[in-house]
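A.B. asks: The structure is given below, and queries will be raised subsequently.
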Amino acid sequence: MAEQGNQLIIYTDGSSRGNPGRGGYGAILMWGDKRKELSAGYRLTTNNRMELLAVIVALESLNRKHIPLTIYTDSQYIVRSVQQKWLDNWIKTDFKGGKKNKDLWMRFYQLSKEFKITFKWVKGHADNPLNNRCDELATSAADGGNLLIDVGYETGVGQ
């Protein structure tokens with residue numbers, strides 16, 4: 001379990017039933033003894049888009065900016081893209097070479113300027129109860145009704 005102390009802790013996960021297919025995201029935000037869960041499902045999307053959207057929605061839900069926070073995710077795609085500066089290179093080259101999810105990465109990039117974010121990778125589907133809960137939120141959202149439209153995916157803007 002993560003040490004919360006005096007900082008915001010966020011757990012995120014994304015899911016898709018087929019890739020592409022129905023998808024969903026789940027996020028848990030924790031500050032002290034406060035806890036908030038977020039999730040939504042989409043009719044057609046990809047796993048990586050849902051992983052990234054979970055992070056974005058969590059950040060967009062915050063009222064306080066410029067605070068330190070730690071995001072735990074089982075997505076190596078996200079962790080490596082940020083920590084190894086892949087995203088910086090994608091932005092410099094305008095996502096040339098078939099890099100996907102530009103719409104979501106740019107949304108994340110703008111948000112990331114407002115926080116001091118540390119990403120930590122956790123093994124998915126293992127013994128981490130908060131990661132497992134995010135997986136439950138994501139898969140339940142993907143399997144639910146009233147699915148949203150991932151406009152970026154369905155219109156090809158994110159491609």
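We label chains A, B, ... in the order they appear in the structure tokens, count residues from 1 in each chain, and number ligands from 1 in the order shown.
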Extract the full set of helix (DSSP H, G or I) residues from range 5-159 of chain A according to DSSP on the backbone, and format it as a PDB file with C-alpha atoms, in the first residue's frame.

C.D. replies:
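And here's part31.pdb as it stands now:
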ATOM      1  CA  ASN A  47      -6.707  -0.463 -23.997  1.00  0.00           C
ATOM      2  CA  ASN A  48      -3.949   2.161 -24.218  1.00  0.00           C
ATOM      3  CA  ARG A  49      -6.510   4.935 -24.712  1.00  0.00           C
ATOM      4  CA  MET A  50      -8.397   3.817 -21.610  1.00  0.00           C
ATOM      5  CA  GLU A  51      -5.185   3.572 -19.569  1.00  0.00           C
ATOM      6  CA  LEU A  52      -4.321   7.131 -20.569  1.00  0.00           C
ATOM      7  CA  LEU A  53      -7.862   8.455 -20.175  1.00  0.00           C
ATOM      8  CA  ALA A  54      -7.932   7.169 -16.584  1.00  0.00           C
ATOM      9  CA  VAL A  55      -4.930   9.376 -15.780  1.00  0.00           C
ATOM     10  CA  ILE A  56      -6.399  12.372 -17.626  1.00  0.00           C
ATOM     11  CA  VAL A  57      -9.818  12.179 -15.982  1.00  0.00           C
ATOM     12  CA  ALA A  58      -8.233  11.825 -12.546  1.00  0.00           C
ATOM     13  CA  LEU A  59      -6.127  14.950 -13.131  1.00  0.00           C
ATOM     14  CA  GLU A  60      -9.056  16.879 -14.612  1.00  0.00           C
ATOM     15  CA  GLN A  76       4.198   0.446 -18.995  1.00  0.00           C
ATOM     16  CA  TYR A  77       3.050   2.434 -22.049  1.00  0.00           C
ATOM     17  CA  ILE A  78       2.270   5.425 -19.842  1.00  0.00           C
ATOM     18  CA  VAL A  79       5.176   5.095 -17.423  1.00  0.00           C
ATOM     19  CA  ARG A  80       7.793   4.701 -20.147  1.00  0.00           C
ATOM     20  CA  SER A  81       6.287   7.394 -22.372  1.00  0.00           C
ATOM     21  CA  VAL A  82       6.694   9.922 -19.570  1.00  0.00           C
ATOM     22  CA  GLN A  83       9.763   8.719 -17.682  1.00  0.00           C
ATOM     23  CA  TRP A  86       9.103   9.427 -25.397  1.00  0.00           C
ATOM     24  CA  LEU A  87       6.241  11.923 -25.137  1.00  0.00           C
ATOM     25  CA  ASP A  88       8.624  14.873 -25.406  1.00  0.00           C
ATOM     26  CA  ASN A  89      10.035  13.424 -28.624  1.00  0.00           C
ATOM     27  CA  TRP A  90       6.561  12.675 -30.010  1.00  0.00           C
ATOM     28  CA  ILE A  91       5.545  16.278 -29.423  1.00  0.00           C
ATOM     29  CA  LYS A  92       8.727  17.612 -31.064  1.00  0.00           C
ATOM     30  CA  LYS A 102      -2.054  12.239 -30.030  1.00  0.00           C
ATOM     31  CA  ASP A 103      -5.325  13.781 -28.824  1.00  0.00           C
ATOM     32  CA  LEU A 104      -5.055  12.176 -25.402  1.00  0.00           C
ATOM     33  CA  TRP A 105      -1.307  12.654 -25.063  1.00  0.00           C
ATOM     34  CA  MET A 106      -1.660  16.370 -25.777  1.00  0.00           C
ATOM     35  CA  ARG A 107      -4.477  16.611 -23.240  1.00  0.00           C
ATOM     36  CA  PHE A 108      -2.258  14.875 -20.675  1.00  0.00           C
ATOM     37  CA  TYR A 109       0.728  17.042 -21.556  1.00  0.00           C
ATOM     38  CA  GLN A 110      -1.199  20.257 -20.890  1.00  0.00           C
ATOM     39  CA  LEU A 111      -2.488  18.888 -17.579  1.00  0.00           C
ATOM     40  CA  SER A 112       0.939  17.646 -16.531  1.00  0.00           C
ATOM     41  CA  PRO A 129      -5.890  -4.225  -3.863  1.00  0.00           C
ATOM     42  CA  LEU A 130      -6.096  -0.656  -5.200  1.00  0.00           C
ATOM     43  CA  ASN A 131      -4.907  -1.645  -8.670  1.00  0.00           C
ATOM     44  CA  ASN A 132      -7.343  -4.563  -8.590  1.00  0.00           C
ATOM     45  CA  ARG A 133     -10.177  -2.212  -7.612  1.00  0.00           C
ATOM     46  CA  CYS A 134      -9.316   0.083 -10.551  1.00  0.00           C
ATOM     47  CA  ASP A 135      -9.432  -2.971 -12.820  1.00  0.00           C
ATOM     48  CA  GLU A 136     -12.891  -3.814 -11.455  1.00  0.00           C
ATOM     49  CA  LEU A 137     -14.062  -0.254 -12.087  1.00  0.00           C
ATOM     50  CA  ALA A 138     -12.664  -0.294 -15.649  1.00  0.00           C
ATOM     51  CA  THR A 139     -14.044  -3.692 -16.629  1.00  0.00           C
ATOM     52  CA  SER A 140     -17.451  -3.007 -15.056  1.00  0.00           C
ATOM     53  CA  ALA A 141     -17.653   0.265 -16.981  1.00  0.00           C
ATOM     54  CA  ALA A 142     -16.707  -1.503 -20.228  1.00  0.00           C
ATOM     55  CA  ASP A 143     -19.369  -4.152 -19.595  1.00  0.00           C
ATOM     56  CA  VAL A 151     -14.634  10.591 -30.378  1.00  0.00           C
ATOM     57  CA  GLY A 152     -10.860  10.711 -30.792  1.00  0.00           C
ATOM     58  CA  TYR A 153     -10.736   7.037 -31.622  1.00  0.00           C
ATOM     59  CA  GLU A 154     -13.888   6.768 -33.721  1.00  0.00           C
TER      60      GLU A 154
END

A.B. asks: CA of Val157 in chain A to CA of Lys99 in chain A: how many Å, to one decimal?

C.D. replies: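 These atoms are spaced 11.9 Å apart.
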
A.B. asks: One decimal, in Å: what's the spacing between CA of Phe115 in chain A and CA of Asp74 in chain A?

C.D. replies: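 One can read the CA of Phe115 in chain A to CA of Asp74 in chain A distance as 20.5 Å.
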
A.B. asks: Kindly give the distance, in Å, that separates CA of Arg64 in chain A and CA of Ile9 in chain A, rounded to a single decimal.

C.D. replies: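 About the pair CA of Arg64 in chain A and CA of Ile9 in chain A: they are 13.5 Å apart.
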
A.B. asks: Once DSSP has gone over the backbone, tell me which residues of range 2-135 of chain A are in strand (DSSP E or B), as a ChimeraX atom specification.

C.D. replies: /A:8-18,21-31,34-45,68-73,116-121

A.B. asks: Under the rule that only C-alpha atoms are counted, which of A:Asn128, A:Thr45, A:Asn63, A:Thr93 is the nearest residue to Thr155 in chain A?

C.D. replies: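 Ranked by minimum distance to Thr155 in chain A, first place goes to A:Thr45.
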